[in-house]
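Peer 1: File data07.txt below, compact mmCIF, C-alpha atoms:
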```txt
# COMPACT_ATOMS: atom_id res chain seq x y z
CA MET A 1 139.86 198.03 119.92
CA ILE A 2 136.75 197.28 117.93
CA LEU A 3 134.37 194.50 118.93
CA TYR A 4 131.78 193.29 116.44
CA ASP A 5 129.15 192.49 118.98
CA TYR A 6 125.74 190.91 119.47
CA ILE A 7 123.94 191.49 122.75
CA LEU A 8 122.55 187.93 122.99
CA SER A 9 125.83 186.20 122.09
CA PRO A 10 127.46 184.60 125.16
CA ASP A 11 130.82 184.64 123.35
CA ALA A 12 130.56 188.38 122.66
CA TYR A 13 129.52 188.88 126.30
CA LYS A 14 132.71 187.11 127.46
CA ILE A 15 134.71 189.84 125.75
CA ARG A 16 132.56 192.74 126.98
CA LEU A 17 132.74 191.28 130.51
CA MET A 18 136.50 190.74 130.42
CA ALA A 19 137.06 194.25 129.06
CA ALA A 20 134.87 195.72 131.81
CA LEU A 21 136.66 193.72 134.53
CA VAL A 22 140.13 194.82 133.40
CA GLY A 23 139.14 198.35 132.44
CA VAL A 24 139.65 198.24 128.67
CA LYS A 25 137.41 200.46 126.59
CA LEU A 26 135.97 198.70 123.54
CA GLU A 27 134.44 200.35 120.53
CA LEU A 28 131.30 198.25 120.04
CA ARG A 29 129.83 197.64 116.60
CA ALA A 30 126.41 196.05 116.95
CA VAL A 31 125.79 193.28 114.39
CA ASP A 32 122.21 192.45 113.44
CA VAL A 33 122.52 188.68 113.93
CA HIS A 34 118.80 188.12 114.40
CA PRO A 35 116.81 188.57 112.27
CA GLY A 36 119.22 190.25 109.82
CA ARG A 37 121.91 187.52 109.72
CA GLU A 38 124.36 190.35 109.17
CA HIS A 39 127.20 188.17 110.51
CA GLU A 40 126.91 186.16 107.30
CA SER A 41 127.14 189.26 105.11
CA GLU A 42 130.05 189.71 102.71
CA ALA A 43 131.37 192.67 104.70
CA LEU A 44 131.74 190.59 107.86
CA ARG A 45 132.83 187.42 106.02
CA ALA A 46 135.73 189.50 104.75
CA LEU A 47 136.83 189.84 108.38
CA ASN A 48 135.76 186.39 109.53
CA PRO A 49 135.18 183.77 106.82
CA ALA A 50 133.44 181.52 109.38
CA GLY A 51 130.67 184.10 109.73
CA SER A 52 130.67 183.95 113.53
CA ILE A 53 130.42 186.68 116.16
CA PRO A 54 132.33 188.18 117.98
CA ILE A 55 135.23 189.61 116.01
CA LEU A 56 137.88 191.68 117.79
CA ILE A 57 140.08 194.05 115.83
CA ASP A 58 143.14 195.76 117.24
CA GLY A 59 145.11 197.39 114.45
CA ASP A 60 146.40 194.57 112.21
CA LEU A 61 145.21 191.92 114.64
CA ILE A 62 141.90 190.29 113.71
CA LEU A 63 140.64 187.71 116.22
CA THR A 64 137.59 185.49 115.70
CA GLU A 65 137.96 183.10 118.66
CA SER A 66 136.80 184.34 122.06
CA ALA A 67 139.51 182.43 123.96
CA ALA A 68 142.19 184.26 121.97
CA MET A 69 140.45 187.56 122.66
CA LEU A 70 140.51 186.85 126.41
CA VAL A 71 144.26 186.19 126.24
CA CYS A 72 144.72 189.39 124.25
CA LEU A 73 142.81 191.55 126.75
CA ALA A 74 144.53 189.98 129.75
CA ARG A 75 148.05 190.31 128.30
CA LEU A 76 147.31 193.89 127.38
CA ALA A 77 145.68 195.18 130.53
CA ALA A 78 145.82 192.70 133.42
CA PRO A 79 148.32 189.80 133.17
CA ALA A 80 147.23 188.47 136.58
CA TRP A 81 144.14 187.13 134.79
CA LEU A 82 146.44 184.67 132.97
CA GLY A 83 147.19 182.82 136.23
CA GLY A 84 150.58 181.85 137.64
CA ASN A 85 153.65 180.83 135.73
CA ASP A 86 153.94 177.21 136.79
CA VAL A 87 153.36 174.40 134.33
CA ALA A 88 150.19 173.05 135.94
CA ASP A 89 148.43 176.42 136.09
CA ALA A 90 149.32 177.32 132.51
CA ALA A 91 148.10 173.93 131.34
CA ARG A 92 144.90 174.18 133.39
CA ILE A 93 144.09 177.54 131.82
CA GLN A 94 144.43 175.97 128.35
CA GLN A 95 142.37 172.97 129.49
CA TRP A 96 139.48 175.23 130.56
CA LEU A 97 139.72 177.41 127.46
CA ALA A 98 139.38 174.26 125.35
CA PHE A 99 136.63 172.97 127.66
CA SER A 100 134.74 176.22 127.07
CA LEU A 101 134.38 175.21 123.40
CA ARG A 102 132.55 172.09 124.56
CA LEU A 103 130.22 174.37 126.52
CA THR A 104 129.64 176.43 123.39
CA ASP A 105 128.81 173.30 121.39
CA HIS A 106 126.61 171.58 123.96
CA LEU A 107 125.06 174.22 126.24
CA GLY A 108 125.13 176.84 123.48
CA GLY A 109 123.70 174.31 121.02
CA ALA A 110 120.87 173.41 123.40
CA ARG A 111 120.16 177.12 123.95
CA ALA A 112 120.11 177.90 120.23
CA THR A 113 117.79 174.94 119.59
CA GLU A 114 115.45 175.61 122.49
CA MET A 115 115.38 179.41 122.52
CA LEU A 116 116.40 180.57 119.06
CA VAL A 117 114.65 177.65 117.30
CA GLU A 118 117.72 176.60 115.35
CA PRO A 119 117.90 173.00 114.14
CA GLY A 120 119.54 170.62 116.62
CA ASP A 121 119.11 167.35 118.52
CA LEU A 122 118.01 168.86 121.84
CA PRO A 123 118.07 165.68 124.01
CA ALA A 124 121.56 164.78 122.73
CA LEU A 125 122.84 168.33 123.31
CA GLN A 126 121.33 168.37 126.81
CA ALA A 127 122.88 164.99 127.65
CA ALA A 128 126.30 166.21 126.51
CA GLY A 129 125.78 169.49 128.38
CA THR A 130 124.95 167.58 131.56
CA ILE A 131 128.27 165.71 131.34
CA ASP A 132 130.05 169.09 130.97
CA LEU A 133 128.21 170.63 133.92
CA ARG A 134 128.99 167.62 136.10
CA GLU A 135 132.67 167.84 135.16
CA LEU A 136 132.73 171.54 136.05
CA GLU A 137 130.83 170.92 139.31
CA ALA A 138 133.29 168.16 140.29
CA ALA A 139 136.28 170.40 139.54
CA LEU A 140 134.84 173.34 141.49
CA THR A 141 133.97 171.04 144.40
CA GLU A 142 137.59 169.89 144.54
CA ARG A 143 138.70 173.54 144.50
CA ARG A 144 136.37 174.25 147.44
CA ILE A 145 137.79 171.31 149.39
CA ILE A 146 141.19 173.03 149.30
CA GLY A 147 139.64 176.40 150.13
CA GLN A 148 139.58 177.88 146.62
CA THR A 149 136.76 179.58 144.74
CA PHE A 150 137.95 179.95 141.14
CA LEU A 151 138.94 177.36 138.55
CA VAL A 152 142.71 177.74 138.38
CA ALA A 153 144.29 180.24 140.76
CA ASP A 154 143.49 181.92 144.07
CA ARG A 155 141.93 184.68 141.97
CA PRO A 156 139.73 184.77 138.87
CA THR A 157 141.45 184.07 135.54
CA ILE A 158 140.42 184.00 131.89
CA ALA A 159 139.47 180.34 132.50
CA ASP A 160 136.57 181.47 134.70
CA ILE A 161 135.40 184.09 132.22
CA ALA A 162 135.63 181.63 129.30
CA CYS A 163 133.35 179.13 131.05
CA PHE A 164 130.95 181.44 132.91
CA PRO A 165 128.47 182.73 130.27
CA TYR A 166 127.30 179.47 128.68
CA VAL A 167 127.01 177.87 132.12
CA ALA A 168 124.98 180.76 133.50
CA LEU A 169 122.67 180.57 130.48
CA ALA A 170 122.26 176.77 130.59
CA PRO A 171 118.61 177.12 131.74
CA ASP A 172 117.86 178.76 128.35
CA GLY A 173 118.69 175.35 126.85
CA GLY A 174 116.41 173.54 129.29
CA LEU A 175 119.18 172.52 131.71
CA SER A 176 118.51 173.52 135.31
CA LEU A 177 121.50 174.58 137.42
CA ASP A 178 119.76 173.49 140.64
CA PRO A 179 121.80 170.26 140.89
CA TYR A 180 125.13 172.11 141.03
CA PRO A 181 125.83 173.89 144.36
CA SER A 182 129.51 174.53 143.63
CA ILE A 183 128.70 176.04 140.23
CA ARG A 184 126.12 178.29 141.92
CA LEU A 185 128.68 179.63 144.42
CA TRP A 186 131.30 180.08 141.67
CA MET A 187 128.84 182.05 139.52
CA ARG A 188 128.02 184.19 142.53
CA ALA A 189 131.72 184.92 143.10
CA ILE A 190 132.11 185.98 139.47
CA ARG A 191 129.03 188.20 139.67
CA MET A 192 130.50 189.84 142.79
CA LEU A 193 133.69 190.92 140.99
CA PRO A 194 134.18 194.71 140.85
CA GLY A 195 133.25 195.97 137.39
CA PHE A 196 130.95 193.01 136.60
CA ILE A 197 128.46 193.78 133.82
CA GLU A 198 125.23 192.05 132.79
CA MET A 199 123.80 190.55 129.63
CA PRO A 200 120.17 189.56 129.01
CA GLY A 201 119.67 186.41 131.10
CA ILE A 202 122.62 187.09 133.44
CA HIS A 203 121.71 189.79 135.92
CA ARG A 204 123.79 191.45 138.59
CA LEU A 205 123.44 190.66 142.29
CA HIS A 206 120.80 193.11 143.51
CA GLU A 207 121.78 192.48 147.12
CA LEU A 208 125.13 194.20 146.54
CA LYS A 209 123.33 197.50 146.09
CA PRO A 210 121.76 199.22 149.09
CA GLU A 211 118.01 199.09 149.52
CA PRO A 212 116.56 201.67 147.13
CA VAL A 213 114.94 204.60 148.88
CA SER A 214 111.78 206.19 147.59
CA GLN A 215 112.43 209.30 145.53
CA LEU A 216 108.89 210.60 145.93
CA PRO A 217 108.77 214.27 147.00
CA GLU A 218 107.65 214.77 150.55
CA THR A 219 104.03 215.71 150.87
CA VAL A 220 103.31 219.07 152.42
CA MET B 1 114.98 158.35 157.21
CA PRO B 2 112.44 157.43 154.55
CA VAL B 3 110.12 160.39 154.18
CA GLU B 4 106.68 159.06 155.03
CA THR B 5 104.89 161.74 157.02
CA LEU B 6 104.81 165.52 157.02
CA ARG B 7 106.70 165.40 160.30
CA ASP B 8 109.73 163.60 158.91
CA TRP B 9 112.93 165.57 158.53
CA ILE B 10 114.16 165.79 154.94
CA PRO B 11 117.83 166.62 154.25
CA VAL B 12 117.75 169.31 151.56
CA ALA B 13 121.22 170.87 151.41
CA LEU B 14 124.61 171.14 153.03
CA SER B 15 125.26 174.17 155.24
CA ALA B 16 128.37 175.12 153.24
CA ASP B 17 126.29 175.42 150.07
CA LEU B 18 124.12 178.15 151.61
CA PRO B 19 126.36 180.97 152.90
CA PRO B 20 124.89 184.03 154.65
CA ALA B 21 122.72 186.32 152.45
CA THR B 22 121.89 183.67 149.83
CA VAL B 23 118.82 181.75 148.71
CA ILE B 24 118.59 178.38 146.95
CA PRO B 25 115.80 176.20 145.55
CA ALA B 26 115.59 173.26 147.99
CA HIS B 27 114.21 170.17 146.26
CA THR B 28 112.03 167.87 148.35
CA PRO B 29 109.80 164.88 147.46
CA SER B 30 106.86 167.33 147.55
CA GLY B 31 108.32 170.10 145.43
CA ILE B 32 110.68 173.01 145.74
CA LEU B 33 111.06 175.42 148.68
CA ALA B 34 112.90 178.73 148.80
CA LEU B 35 115.58 178.08 151.41
CA TRP B 36 117.51 181.15 152.49
CA ARG B 37 120.00 182.30 155.05
CA SER B 38 119.89 185.86 156.32
CA ALA B 39 122.98 188.07 156.59
CA SER B 40 123.14 187.23 160.31
CA GLY B 41 122.95 183.50 159.54
CA LYS B 42 119.31 182.62 160.28
CA LEU B 43 117.67 179.93 158.12
CA THR B 44 114.15 180.09 156.68
CA ALA B 45 112.27 177.70 154.39
CA LEU B 46 109.37 179.31 152.51
CA ALA B 47 106.92 178.15 149.87
CA ASP B 48 108.66 178.93 146.58
CA ARG B 49 105.94 181.28 145.38
CA CYS B 50 105.62 185.01 145.89
CA PRO B 51 102.08 185.72 147.18
CA HIS B 52 101.99 188.73 144.86
CA ARG B 53 102.41 187.30 141.35
CA GLY B 54 103.55 183.74 141.91
CA MET B 55 107.18 184.28 140.93
CA ARG B 56 109.56 181.73 142.45
CA LEU B 57 111.07 183.28 145.60
CA SER B 58 114.18 181.13 145.09
CA TYR B 59 114.96 183.39 142.10
CA GLY B 60 115.08 186.30 144.54
CA PHE B 61 117.83 187.77 146.68
CA VAL B 62 118.64 188.24 150.35
CA ARG B 63 119.39 191.65 151.71
CA GLY B 64 119.98 191.82 155.45
CA GLU B 65 117.30 189.80 157.25
CA ALA B 66 114.79 189.66 154.37
CA LEU B 67 114.26 187.72 151.15
CA SER B 68 113.15 189.88 148.22
CA CYS B 69 111.23 188.69 145.19
CA ILE B 70 113.10 189.27 141.92
CA TYR B 71 109.89 190.40 140.23
CA HIS B 72 108.67 193.49 142.13
CA GLY B 73 110.92 193.45 145.20
CA TRP B 74 108.31 192.50 147.77
CA SER B 75 110.38 191.38 150.73
CA TYR B 76 109.67 188.68 153.31
CA GLY B 77 111.06 188.25 156.82
CA LEU B 78 112.12 185.18 158.78
CA THR B 79 108.50 184.11 159.35
CA GLY B 80 107.48 184.60 155.71
CA GLN B 81 105.56 187.76 156.58
CA CYS B 82 105.72 190.42 153.87
CA GLN B 83 107.63 193.38 155.27
CA ARG B 84 107.92 195.79 152.42
CA ILE B 85 106.32 196.59 149.09
CA PRO B 86 108.75 198.96 147.35
CA VAL B 87 106.16 200.62 145.13
CA HIS B 88 104.15 201.55 148.25
CA PRO B 89 106.93 202.57 150.65
CA GLU B 90 104.50 204.04 153.21
CA LEU B 91 102.32 200.93 153.39
CA ILE B 92 102.65 198.43 156.21
CA PRO B 93 101.84 195.17 154.39
CA PRO B 94 98.73 193.40 155.76
CA ALA B 95 99.30 190.25 157.82
CA ALA B 96 97.55 188.20 155.14
CA ILE B 97 100.47 188.73 152.75
CA LYS B 98 102.62 185.91 154.00
CA ALA B 99 104.55 183.07 152.38
CA ALA B 100 104.02 179.69 154.06
CA SER B 101 107.04 178.75 156.14
CA TYR B 102 108.28 175.33 157.24
CA ALA B 103 110.41 173.82 159.98
CA VAL B 104 114.10 174.05 159.22
CA GLU B 105 117.10 172.93 161.25
CA GLU B 106 120.79 172.65 160.73
CA ARG B 107 122.81 169.91 162.36
CA ASN B 108 126.38 168.80 161.74
CA GLY B 109 126.56 170.73 158.47
CA VAL B 110 123.31 169.39 157.01
CA ILE B 111 120.14 171.47 156.55
CA TRP B 112 116.86 169.62 157.14
CA ILE B 113 113.31 170.77 156.56
CA ALA B 114 109.93 169.32 157.57
CA PHE B 115 106.44 170.27 156.43
CA GLU B 116 105.11 170.01 160.00
CA GLN B 117 107.14 170.54 163.16
CA PRO B 118 108.73 167.16 164.07
CA GLU B 119 108.86 166.00 167.68
CA THR B 120 112.57 165.23 167.64
CA PRO B 121 115.58 167.03 166.18
CA PRO B 122 117.12 165.74 162.94
CA PRO B 123 119.79 163.02 163.25
CA ALA B 124 123.26 164.15 164.32
CA LEU B 125 125.16 161.77 162.01
CA GLU B 126 128.04 161.66 164.47
CA GLY B 127 131.40 160.57 163.13
CA PHE B 128 130.70 162.04 159.70
CA LYS B 129 131.18 165.41 158.04
CA PRO B 130 129.45 166.76 154.93
CA LEU B 131 131.30 166.58 151.60
CA ARG B 132 128.95 167.42 148.71
CA SER B 133 125.42 167.05 147.35
CA ILE B 134 124.85 165.47 143.95
CA THR B 135 121.79 164.77 141.82
CA LEU B 136 121.31 161.42 140.10
CA ASN B 137 119.10 160.79 137.09
CA THR B 138 117.47 157.70 138.53
CA ASP B 139 114.72 156.84 141.01
CA ALA B 140 115.65 156.84 144.69
CA GLU B 141 113.98 153.44 145.22
CA ARG B 142 116.44 151.90 142.81
CA ILE B 143 119.31 152.98 145.08
CA THR B 144 117.96 152.31 148.57
CA ALA B 145 114.72 151.54 150.35
CA THR B 146 115.69 153.32 153.56
CA GLY B 147 116.99 156.70 152.41
CA GLU B 148 120.34 156.09 154.01
CA MET B 149 123.27 153.89 153.04
CA ARG B 150 126.82 153.22 154.19
CA VAL B 151 129.41 152.52 151.52
CA LEU B 152 133.18 152.41 151.20
CA LEU B 153 134.36 154.83 148.49
CA ALA B 154 138.08 155.24 147.76
CA GLY B 155 138.65 153.27 150.95
CA ILE B 156 136.84 155.86 153.07
CA ASP B 157 133.72 155.30 155.16
CA VAL B 158 130.86 157.19 153.47
CA LEU B 159 127.28 157.81 154.52
CA LEU B 160 124.81 158.72 151.78
CA LEU B 161 121.53 160.50 152.54
CA ILE B 162 119.23 159.69 149.63
CA VAL B 163 116.08 161.67 148.78
CA GLY B 164 113.87 161.12 145.75
CA ILE B 165 112.98 164.56 144.41
CA GLY B 166 111.06 163.60 141.29
CA VAL B 167 110.55 160.92 138.68
CA GLY B 168 114.03 159.76 137.73
CA GLU B 169 115.62 162.39 139.95
CA THR B 170 117.38 161.74 143.24
CA LEU B 171 119.42 163.89 145.57
CA ALA B 172 122.33 162.35 147.47
CA HIS B 173 124.11 164.17 150.28
CA VAL B 174 127.55 162.64 150.68
CA MET B 175 128.95 162.49 154.22
CA VAL B 176 132.49 161.26 154.83
CA ASP B 177 134.35 159.94 157.85
CA ALA B 178 134.93 162.98 160.07
CA ALA B 179 138.65 162.15 160.15
CA ALA B 180 139.04 162.26 156.34
CA SER B 181 141.79 164.60 155.07
CA ASP B 182 141.46 166.97 152.10
CA VAL B 183 143.19 164.35 149.94
CA ASP B 184 140.71 161.71 151.14
CA CYS B 185 137.79 164.07 150.47
CA ILE B 186 138.93 164.71 146.91
CA ALA B 187 139.32 160.96 146.35
CA VAL B 188 135.78 160.34 147.66
CA SER B 189 134.39 163.22 145.58
CA ARG B 190 135.85 161.57 142.45
CA ALA B 191 134.65 158.11 143.48
CA VAL B 192 131.13 159.50 143.95
CA GLU B 193 131.10 160.44 140.25
CA GLY B 194 131.70 156.79 139.40
CA TRP B 195 129.07 155.64 141.90
CA ARG B 196 126.55 157.95 140.24
CA ARG B 197 127.36 156.64 136.75
CA GLU B 198 126.94 153.08 138.09
CA CYS B 199 123.55 153.86 139.69
CA GLU B 200 122.28 155.57 136.54
CA GLN B 201 123.51 152.71 134.34
CA LEU B 202 121.78 150.15 136.56
CA GLY B 203 118.60 152.20 136.36
CA LEU B 204 118.76 152.24 132.56
CA GLU B 205 119.37 148.48 132.41
CA GLU B 206 116.41 147.83 134.70
CA LEU B 207 114.22 149.97 132.48
CA ALA B 208 115.39 148.07 129.39
CA SER B 209 114.75 144.61 130.88
```
Step by step, read the file and then write its structure as structure tokens.
Peer 2:
Amino acid sequence: MILYDYILSPDAYKIRLMAALVGVKLELRAVDVHPGREHESEALRALNPAGSIPILIDGDLILTESAAMLVCLARLAAPAWLGGNDVADAARIQQWLAFSLRLTDHLGGARATEMLVEPGDLPALQAAGTIDLRELEAALTERRIIGQTFLVADRPTIADIACFPYVALAPDGGLSLDPYPSIRLWMRAIRMLPGFIEMPGIHRLHELKPEPVSQLPETV
Amino acid sequence: MPVETLRDWIPVALSADLPPATVIPAHTPSGILALWRSASGKLTALADRCPHRGMRLSYGFVRGEALSCIYHGWSYGLTGQCQRIPVHPELIPPAAIKAASYAVEERNGVIWIAFEQPETPPPALEGFKPLRSITLNTDAERITATGEMRVLLAGIDVLLLIVGIGVGETLAHVMVDAAASDVDCIAVSRAVEGWRRECEQLGLEELAS
């Protein structure tokens, strides 16, 4: 599987993270998005006319939407990440995958405007992003009331991975996560998953590693 | 519970939102503190500034009984005293390297801090249990003058602890009737969203008039 990748893209990170969590090896092709705008080159437009990153290629299958890539990786390597079979769970997964596009538009838009200096109406994007974060916080709070940690099932699913990166990077768009205790605990649970990997701006939990010991040679 | 003196207790978070071995930024009317719980469950409230380079300690991490700064790993114990400087493993940090610490107490699932040791414990809030903390984009004075209000949400008795934490920013800790079921709690949690929208709308209308 080939992933056309960009280290600072939260959508590309979703796929790298999912692959790491389910143990799929990806062949990464780094795309020079900034400053080269290589994603808009003819070679990449031939794969993805929209000119967006990431692109996942598996034989004849060319995917340009991260939600579809998450489904692909889960079906291939770890179906438990698709949640249970009942109607409500299946629908909730789709609800959160679609919701994650709102996060891309609003939180991602605010981040691109604030950090990558792309044109955008920052206050409007932040206001829309706040509504999204409040909706997510309310949903996660309800999950906690019934003793659950993740969005859909009693285990992490692709819904969690689809929503996690843009939420974790919301401060890049000028939106603090301080007002959202349930989101904080949910992000912590995701970062504690075995196989979790980082991206710039989303670091691992240092406390999970033992205290580093000095490697200095003993003095004689 | 209006916060008037340094000795007044300020509700800053719910116990359930700060599990063992975690740190959070606790917003107060006078700024942010690094509030952390050690692996064994002990609470500490420190000035949110590493004495080394000024990095926010609430960005750090808790390992065992110490809070470590995310920047260079200087770690601080339950009193705020620096215990370890990783780049100088043999050094015992001087007593002067200490983060200011504040009174902190936990009662009935609510964590309270005070800038100077109060004479009495924080209120017990008997008959209620904590549900959730929310932030409102409006001034606390527009909601209540006393810092505490009783309301009926989704037919359930609710106690709101209200703290202004900045201009146009208010923290509300939502307590529900201790007898409320999970179904009741979810109903109140949803009703609180509506209450927040109402408060923020009223604030906007007041500003416009």
Peer 1: Determine which residues of chain A sit within 6 Å of chain B, taking into account only C-alpha atoms, and present them as a list in words.
Peer 2: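 Residues satisfying the distance criterion: Glu142, Pro179, Pro181 and Glu207 of chain A.
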Peer 1: For the residues selected in the previous step, produce a file with C-alpha atoms as an mmCIF file, in the frame of the given file.
Peer 2:
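Heads up, here's the output in again.cif:
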```cif
data_model
loop_
_atom_site.group_PDB
_atom_site.id
_atom_site.type_symbol
_atom_site.label_atom_id
_atom_site.label_comp_id
_atom_site.auth_asym_id
_atom_site.auth_seq_id
_atom_site.Cartn_x
_atom_site.Cartn_y
_atom_site.Cartn_z
ATOM 1 C CA GLU A 142 137.590 169.890 144.540
ATOM 2 C CA PRO A 179 121.800 170.260 140.890
ATOM 3 C CA PRO A 181 125.830 173.890 144.360
ATOM 4 C CA GLU A 207 121.780 192.480 147.120
#
```
Peer 1: With distances taken over all atoms listed in the file, which residue among A:Leu56, A:Leu125, A:Ala77, A:Ala20 lies nearest Asp5 in chain A?
Peer 2: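 Residue with the minimum atom-to-atom distance to Asp5 in chain A: A:Leu56.
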Peer 1: Using all atoms listed in the file and a cutoff of 12 Å, can you tell me which residues are near (140.1, 200.2, 133.9) in the file's coordinates, and write them out as a ChimeraX atom specification?
Peer 2: /A:18-26,73-74,76-78,194-196
Peer 1: Do you have the CA of Val23 in chain B-CA of Leu35 in chain B distance handy?
Peer 2: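 Interatomic distance, CA of Val23 in chain B to CA of Leu35 in chain B: 5.6 Å.
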Peer 1: Given all atoms listed in the file as the basis, pick out the residue of B:Asn108, B:Thr120, B:Ser101, B:Thr144 nearest to Thr44 in chain B.
Peer 2: B:Ser101
Peer 1: Please rebuild range 45-63 of chain B with N, CA and C atoms and give the result as a short mmCIF file (atom, residue, chain, number, x, y, z; two decimals), in the frame of the given file.
Peer 2:
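In the end it all went to selection-v3.cif:
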```
data_model
loop_
_atom_site.label_atom_id
_atom_site.label_comp_id
_atom_site.auth_asym_id
_atom_site.auth_seq_id
_atom_site.Cartn_x
_atom_site.Cartn_y
_atom_site.Cartn_z
N ALA B 45 112.75 178.45 155.55
CA ALA B 45 112.27 177.70 154.39
C ALA B 45 110.86 178.19 154.08
N LEU B 46 110.68 178.75 152.90
CA LEU B 46 109.37 179.31 152.51
C LEU B 46 108.83 178.60 151.27
N ALA B 47 107.52 178.62 151.12
CA ALA B 47 106.92 178.15 149.87
C ALA B 47 107.55 178.96 148.73
N ASP B 48 107.89 178.27 147.64
CA ASP B 48 108.66 178.93 146.58
C ASP B 48 107.74 179.69 145.62
N ARG B 49 106.93 180.58 146.20
CA ARG B 49 105.94 181.28 145.38
C ARG B 49 105.64 182.61 146.04
N CYS B 50 105.91 183.69 145.33
CA CYS B 50 105.62 185.01 145.89
C CYS B 50 104.11 185.19 145.93
N PRO B 51 103.54 185.55 147.09
CA PRO B 51 102.08 185.72 147.18
C PRO B 51 101.55 186.81 146.25
N HIS B 52 102.43 187.64 145.74
CA HIS B 52 101.99 188.73 144.86
C HIS B 52 101.64 188.20 143.47
N ARG B 53 102.65 187.74 142.73
CA ARG B 53 102.41 187.30 141.35
C ARG B 53 102.88 185.88 141.06
N GLY B 54 103.22 185.15 142.12
CA GLY B 54 103.55 183.74 141.91
C GLY B 54 104.96 183.47 141.44
N MET B 55 105.79 184.49 141.33
CA MET B 55 107.18 184.28 140.93
C MET B 55 107.88 183.40 141.97
N ARG B 56 108.82 182.57 141.51
CA ARG B 56 109.56 181.73 142.45
C ARG B 56 110.44 182.61 143.34
N LEU B 57 110.26 182.48 144.67
CA LEU B 57 111.07 183.28 145.60
C LEU B 57 112.53 182.84 145.58
N SER B 58 112.78 181.59 145.14
CA SER B 58 114.18 181.13 145.09
C SER B 58 114.96 181.83 143.97
N TYR B 59 114.27 182.55 143.10
CA TYR B 59 114.96 183.39 142.10
C TYR B 59 115.34 184.75 142.69
N GLY B 60 114.91 184.98 143.93
CA GLY B 60 115.08 186.30 144.54
C GLY B 60 116.45 186.50 145.15
N PHE B 61 116.53 187.45 146.08
CA PHE B 61 117.83 187.77 146.68
C PHE B 61 117.64 188.16 148.12
N VAL B 62 118.70 187.97 148.91
CA VAL B 62 118.64 188.24 150.35
C VAL B 62 119.43 189.51 150.65
N ARG B 63 118.74 190.42 151.28
CA ARG B 63 119.39 191.65 151.71
C ARG B 63 119.10 191.78 153.20
#
```
